[in-house]
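Single-structure report; data block below.
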Amino acid sequence: MAVLKADNVTHYFDGLAAVSGFGLNLEPYELVGIIGPNGAGKTTIFNLITGVYKATQGSISFEGREIVGRSPSVITALGIARTFQNIRLFKELSVLDNVRIAHYARVRYSPIEALLHMGRFRREEEEIIGHSMDLLACLKLDAYADEVSKNLPYGLQRRLEITRALATRPKLLLLDEPAAGMNPNEVSQLMEFIKWIRKEFNLTILLIEHQMRLVMNICERLLVLDFGETIAQGLPREIQNDPRVLEVYLGEVQF
Amino acid sequence: MDTPPIKQILEKLETKRWLFPVLLIFVFALSLVIQQFELLDPYIQLIIMYVGINIILTLSLNLINGYMGEFSVGHAGFMAIGAYVASFLTVKVFPAYMAGWLFPAAVIAGGAAAGIVGLVVAFPSFKTRGDYLAIVTLAFGMIVKSVIENIDALGGPRGFLGMEKLSTLPWVFFWVLLSVWVIRNLIYSNFGRGVLSIREDEVASDLMSVNTNHVKVLAFTVSSFFAGIAGALFAHLLQFINPRAFDIIKSTDILIMVYLGGIGSIAGSVIGATVYTVLLEVLRPMGIWRMVFMPLVLVLLMIFRPKGIMGLREFRWFVPARDMLASRLWREKKAGT
């Protein structure tokens, strides 16, 4: 069964179609990339999938369940997590707290139990701390657990954002320009890293990226967006030679 | 591993665990004795009680403005609801000879009434934040004031009196403790982390599975509950309330105490409320000039210490050991196994 199935999704901003007729079928464990010029509607698609925007038309289903109209917190709890184009960590909070917050939907104790520090509260809190620290250790961030997250170097902030997303225990991970602001060497590391987390956490990954090297190397399938429309999709090699894609990226090509 | 001190810290915390309740009981007993035998000048007692009431108010507003990062400017409205509901109960509803015994019930009723109204005010906060939510809360404060002014049973603009002086040192002390305890335990829980994440980045918070609407309702309800409690205590200390006592000036006072002490801090709330209340009293001989001096202090504070005295920091004893030592305990456990 498809992990994510988007069917004819259309979204208007004040009458302007930001995304139109978008369709996507993500199979388990796939790694798919979305590319396209700035303003093509890539991030809008992420916002539609995660419920930040409600699609004007069309349907999006996650593991067979319709998710259009559900709130972002519910959709995340179902198993879709994401990172952001410009890092959006909880800046003033510690690295550990950033990851602990992502366990919110997992908690079963009530505010009253928290107030009285009852058994279930203590047990669950210990569990959350344990799981958060294990995850941080897994992504080699445990040494920074008590640092205020805004003080981390840029690369680690990116990695923390991914860690935080993983803490929600997603099945589908959406990465919005994970390589933004990275040098070629860091991009190479990131490619390995993305492949590694996919394996380690058994994830389906959908990513938006401008760095062609990354996209061509790790994505199994690509979608090209321009002005909200999907103009091409297929294997990276096919996309590379698609005349419509070349036109979008390089201007009209003379044959 | 260079972490032997952790054992000591833990042992220290273990041995200190009984110390805190004992200290509290001691201070509580002391306040009882002081009140019973009038060991302190009544004026000093009055100031201490004002400090206590202001601590409750500051803490409760800090939950919204400091921890959650919203900007509520109508906090005196909740205080007014608590004050009027409790006073109405002790004066008009409860039989006079029972008023003293039923005082706690009246205070709780005042807090609960304010809490319910706070729950309603939380709804606009789902869609609105920042400046616009500030205007909503501002309007709320005005509505409460004019509603009270138009209810004859509550004395309208003339005010309401007839309360006995039921707010005593032990009672104020008890409520201060309860509010510190509640806010601290909530902040260091899943709910509290939700509150903090809303301040840091509401969109990211939603996308990290935090049910921001639940968190906001809970925060507004708890905050207004304690504002109502403070109002009830205030009314039974002053023994006279009128709608003007709960206008925008009062709300501003609470805001000042929050930002003076520092946002997102229990210690800051206690310090802010204490410093502001005591300073205003000490400066009374300056007459009208204290209203020049105090704002000046605030301007200087905002320039040289924009986060307030304790902004985003906390005294160690307000932080549960589990949270303070989380990463170290985990490492200790890993090293052990």
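Chain labels follow the order of the structure tokens: the first chain is A, the next B, and so on; residue numbering restarts at 1 in every chain, and ligands are counted from 1 in their shown order.
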
With 7 Å as the limit and counting only C-alpha atoms, what residues in chain B lie close to chain A? Please list them as a CSV table (one decimal) with C-alpha atoms, in the first residue's frame.
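After the write, selection24.csv holds the following:
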chain,number,residue,atom,x,y,z
B,182,VAL,CA,1.3,24.3,40.4
B,185,ASN,CA,5.0,21.3,38.1
B,186,LEU,CA,3.1,22.2,35.0
B,189,SER,CA,5.9,18.6,32.2
B,190,ASN,CA,4.8,17.7,28.7
B,191,PHE,CA,2.2,20.5,29.0
B,193,ARG,CA,7.1,22.1,27.2
B,194,GLY,CA,4.2,22.7,24.9
B,197,SER,CA,7.4,25.6,22.2
B,200,GLU,CA,9.7,29.7,20.5
B,201,ASP,CA,7.9,28.8,17.2
B,204,ALA,CA,7.1,24.3,14.4
B,206,ASP,CA,2.2,22.3,15.8
B,207,LEU,CA,4.4,20.3,13.4
B,208,MET,CA,6.1,18.5,16.3
B,209,SER,CA,2.7,17.1,17.3
B,210,VAL,CA,2.0,19.6,20.0
B,211,ASN,CA,-1.8,20.2,20.3
B,326,ALA,CA,18.5,14.5,32.7
B,327,SER,CA,21.5,14.2,30.4
B,330,TRP,CA,21.3,9.1,31.3

For B:Phe160: contacts at 10 Å, only C-alpha atoms, fewer than 4 positions along chain excluded, given as a PyMOL selection string: chain B and resi 83-84+87-88+91+152-156+235+239-243

Those residues with N, CA and C atoms, as a compact mmCIF listing (two decimals), in the first residue's frame please?
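Heads up, here's the output in again08.txt:
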# COMPACT_ATOMS: atom_id res chain seq x y z
N ALA B 83 -12.21 38.72 42.54
CA ALA B 83 -12.49 39.59 43.68
C ALA B 83 -13.99 39.72 43.91
N TYR B 84 -14.74 39.99 42.85
CA TYR B 84 -16.17 40.22 43.01
C TYR B 84 -16.92 38.94 43.37
N SER B 87 -16.10 38.07 47.01
CA SER B 87 -16.69 39.04 47.94
C SER B 87 -18.20 38.87 48.01
N PHE B 88 -18.81 38.69 46.86
CA PHE B 88 -20.25 38.51 46.83
C PHE B 88 -20.64 37.30 47.67
N VAL B 91 -20.09 38.04 51.52
CA VAL B 91 -20.94 39.09 52.07
C VAL B 91 -22.43 38.76 51.93
N ASP B 152 -25.99 46.52 39.62
CA ASP B 152 -26.28 47.22 40.87
C ASP B 152 -26.01 46.36 42.10
N ALA B 153 -26.29 45.05 41.97
CA ALA B 153 -26.08 44.15 43.10
C ALA B 153 -24.62 44.15 43.56
N LEU B 154 -23.72 44.53 42.66
CA LEU B 154 -22.30 44.58 43.02
C LEU B 154 -21.84 46.00 43.35
N GLY B 155 -22.82 46.90 43.46
CA GLY B 155 -22.49 48.26 43.85
C GLY B 155 -22.15 49.16 42.68
N GLY B 156 -22.18 48.64 41.48
CA GLY B 156 -21.88 49.46 40.30
C GLY B 156 -20.56 50.18 40.45
N ALA B 235 -9.38 41.44 47.62
CA ALA B 235 -10.64 42.02 48.07
C ALA B 235 -10.80 41.87 49.58
N GLN B 239 -10.80 45.06 51.90
CA GLN B 239 -12.19 45.10 52.38
C GLN B 239 -13.04 46.11 51.60
N PHE B 240 -12.54 46.52 50.48
CA PHE B 240 -13.33 47.39 49.61
C PHE B 240 -12.79 47.24 48.19
N ILE B 241 -13.70 47.01 47.26
CA ILE B 241 -13.26 46.96 45.87
C ILE B 241 -14.17 47.82 45.03
N ASN B 242 -13.61 48.45 44.01
CA ASN B 242 -14.45 49.10 43.01
C ASN B 242 -13.85 48.85 41.64
N PRO B 243 -14.68 49.01 40.60
CA PRO B 243 -14.20 48.61 39.26
C PRO B 243 -12.91 49.32 38.85

- request: Just the helix (DSSP H, G or I) stuff from stretch 28-206 of chain A, please, per backbone DSSP, written as a PyMOL selection string.
  value: chain A and resi 42-50+72-78+95-101+104-106+111-115+119-138+142-144+149-151+154-167+184-201

Written selection (C-alpha atoms) as a CSV table (one decimal), in the first residue's frame:
chain,number,residue,atom,x,y,z
A,42,LYS,CA,7.4,23.0,-3.6
A,43,THR,CA,7.2,24.2,0.0
A,44,THR,CA,3.4,24.7,-0.5
A,45,ILE,CA,3.1,21.0,-1.2
A,46,PHE,CA,4.9,20.2,2.0
A,47,ASN,CA,2.5,22.6,3.8
A,48,LEU,CA,-0.4,20.9,2.2
A,49,ILE,CA,0.8,17.4,3.2
A,50,THR,CA,1.5,18.4,6.8
A,72,PRO,CA,-0.8,19.6,11.7
A,73,SER,CA,-0.4,18.1,15.2
A,74,VAL,CA,-2.7,15.2,14.3
A,75,ILE,CA,-1.0,14.6,11.0
A,76,THR,CA,2.4,14.6,12.7
A,77,ALA,CA,1.1,12.2,15.3
A,78,LEU,CA,-0.1,9.9,12.5
A,95,VAL,CA,18.9,20.5,22.6
A,96,LEU,CA,17.4,17.9,24.8
A,97,ASP,CA,14.2,19.9,25.3
A,98,ASN,CA,13.8,20.4,21.6
A,99,VAL,CA,13.7,16.6,21.2
A,100,ARG,CA,11.5,16.1,24.2
A,101,ILE,CA,8.9,18.4,22.9
A,104,TYR,CA,4.1,15.5,23.0
A,105,ALA,CA,1.6,13.3,21.3
A,106,ARG,CA,3.0,10.2,22.9
A,111,PRO,CA,-2.1,17.7,33.7
A,112,ILE,CA,-3.4,16.5,37.1
A,113,GLU,CA,-1.0,13.6,37.1
A,114,ALA,CA,1.8,16.0,36.2
A,115,LEU,CA,0.8,18.3,39.0
A,119,GLY,CA,3.6,7.3,38.9
A,120,ARG,CA,2.5,7.4,35.3
A,121,PHE,CA,4.0,10.9,35.0
A,122,ARG,CA,7.4,9.9,36.4
A,123,ARG,CA,7.5,6.7,34.3
A,124,GLU,CA,6.6,8.5,31.0
A,125,GLU,CA,9.0,11.4,31.7
A,126,GLU,CA,11.9,8.9,32.3
A,127,GLU,CA,10.9,7.2,29.1
A,128,ILE,CA,10.9,10.4,27.1
A,129,ILE,CA,14.2,11.5,28.4
A,130,GLY,CA,15.7,8.0,27.8
A,131,HIS,CA,14.3,7.9,24.2
A,132,SER,CA,15.4,11.5,23.5
A,133,MET,CA,18.9,10.9,24.7
A,134,ASP,CA,19.2,7.6,22.8
A,135,LEU,CA,18.1,9.3,19.7
A,136,LEU,CA,20.6,12.2,20.2
A,137,ALA,CA,23.3,9.6,20.8
A,138,CYS,CA,22.3,7.8,17.6
A,142,ASP,CA,24.3,13.7,22.9
A,143,ALA,CA,27.3,15.7,23.9
A,144,TYR,CA,25.3,18.9,23.2
A,149,SER,CA,20.0,25.1,20.6
A,150,LYS,CA,20.6,28.5,19.0
A,151,ASN,CA,24.3,28.2,20.1
A,154,TYR,CA,24.7,25.7,11.6
A,155,GLY,CA,25.4,22.1,10.5
A,156,LEU,CA,24.5,20.7,13.9
A,157,GLN,CA,21.3,22.8,14.0
A,158,ARG,CA,20.3,21.1,10.7
A,159,ARG,CA,21.0,17.7,12.2
A,160,LEU,CA,19.1,18.6,15.4
A,161,GLU,CA,16.1,19.6,13.3
A,162,ILE,CA,16.1,16.2,11.7
A,163,THR,CA,16.6,14.5,15.1
A,164,ARG,CA,13.6,16.4,16.4
A,165,ALA,CA,11.5,15.3,13.4
A,166,LEU,CA,12.6,11.7,14.0
A,167,ALA,CA,11.6,11.9,17.6
A,184,PRO,CA,30.2,20.5,-1.5
A,185,ASN,CA,32.0,18.5,1.1
A,186,GLU,CA,29.1,18.8,3.6
A,187,VAL,CA,26.6,18.0,0.9
A,188,SER,CA,28.4,14.7,0.3
A,189,GLN,CA,28.2,13.9,4.0
A,190,LEU,CA,24.5,14.8,4.0
A,191,MET,CA,23.8,12.4,1.1
A,192,GLU,CA,25.3,9.5,3.1
A,193,PHE,CA,23.5,10.7,6.2
A,194,ILE,CA,20.1,10.8,4.4
A,195,LYS,CA,20.6,7.3,3.1
A,196,TRP,CA,21.7,6.2,6.5
A,197,ILE,CA,18.7,7.5,8.4
A,198,ARG,CA,16.4,6.0,5.8
A,199,LYS,CA,17.8,2.6,6.6
A,200,GLU,CA,18.2,3.1,10.3
A,201,PHE,CA,14.6,4.4,10.9

- prompt: What is the atom CA of B:Thr212 to atom CA of B:Met68 distance in Å?
  reply: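 Answer for the atom CA of B:Thr212 to atom CA of B:Met68 separation: 10.5 Å.
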
message: Need to verify the contact set: B:Pro157, 12 Å, only C-alpha atoms, exclusion of same-chain residues closer than 6 positions in sequence. Can you return it as a list of chain:residue names?
response: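 The residues satisfying every condition are B:Lys145, B:Ser146, B:Val147, B:Ile148, B:Glu149, B:Asn150, B:Ile151, B:Ile241, B:Asn242, B:Pro243, B:Arg244, B:Ala245, B:Phe246.
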
message: Quick check, in Å to one decimal: how far apart do atom CA of B:Val51 and atom CA of B:Val278 lie?
response: 7.5 Å

I want to know what sits within 8 Å of B:Ile183, based on only C-alpha atoms, with residues of the same chain fewer than 4 positions away left out; could you give that as a compact mmCIF listing (two decimals) with C-alpha atoms, in the first residue's frame?
# COMPACT_ATOMS: atom_id res chain seq x y z
CA LEU B 59 3.36 34.22 38.19
CA LEU B 63 2.59 31.82 32.27
CA SER B 179 0.61 28.83 42.78
CA ILE B 187 6.04 23.93 33.36

- prompt: Which residues come within 9 Å of A:Asn8, counting only C-alpha atoms, excluding same-chain residues fewer than 4 positions away, as a PyMOL selection string?
  reply: chain A and resi 20-24+57-60

query: From the list A:Leu203, A:Ala180, A:Ala40, A:Leu152, which residue is nearest A:Glu27 when using only C-alpha atoms?
result: A:Leu203

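The coordinates place atom CA of B:Gly268 at 9.3 Å from atom CA of B:Asn62.
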
Name all residues at most 8 Å from B:Met294 (count only C-alpha atoms; drop same-chain ones fewer than 4 positions away) and give them as a short mmCIF file (atom, residue, chain, number, x, y, z; two decimals) with C-alpha atoms, in the first residue's frame.
data_model
loop_
_atom_site.label_atom_id
_atom_site.label_comp_id
_atom_site.auth_asym_id
_atom_site.auth_seq_id
_atom_site.Cartn_x
_atom_site.Cartn_y
_atom_site.Cartn_z
CA LEU B 280 6.81 51.51 45.62
CA ARG B 290 7.94 58.08 42.75
CA LEU B 298 12.16 50.42 34.27
#
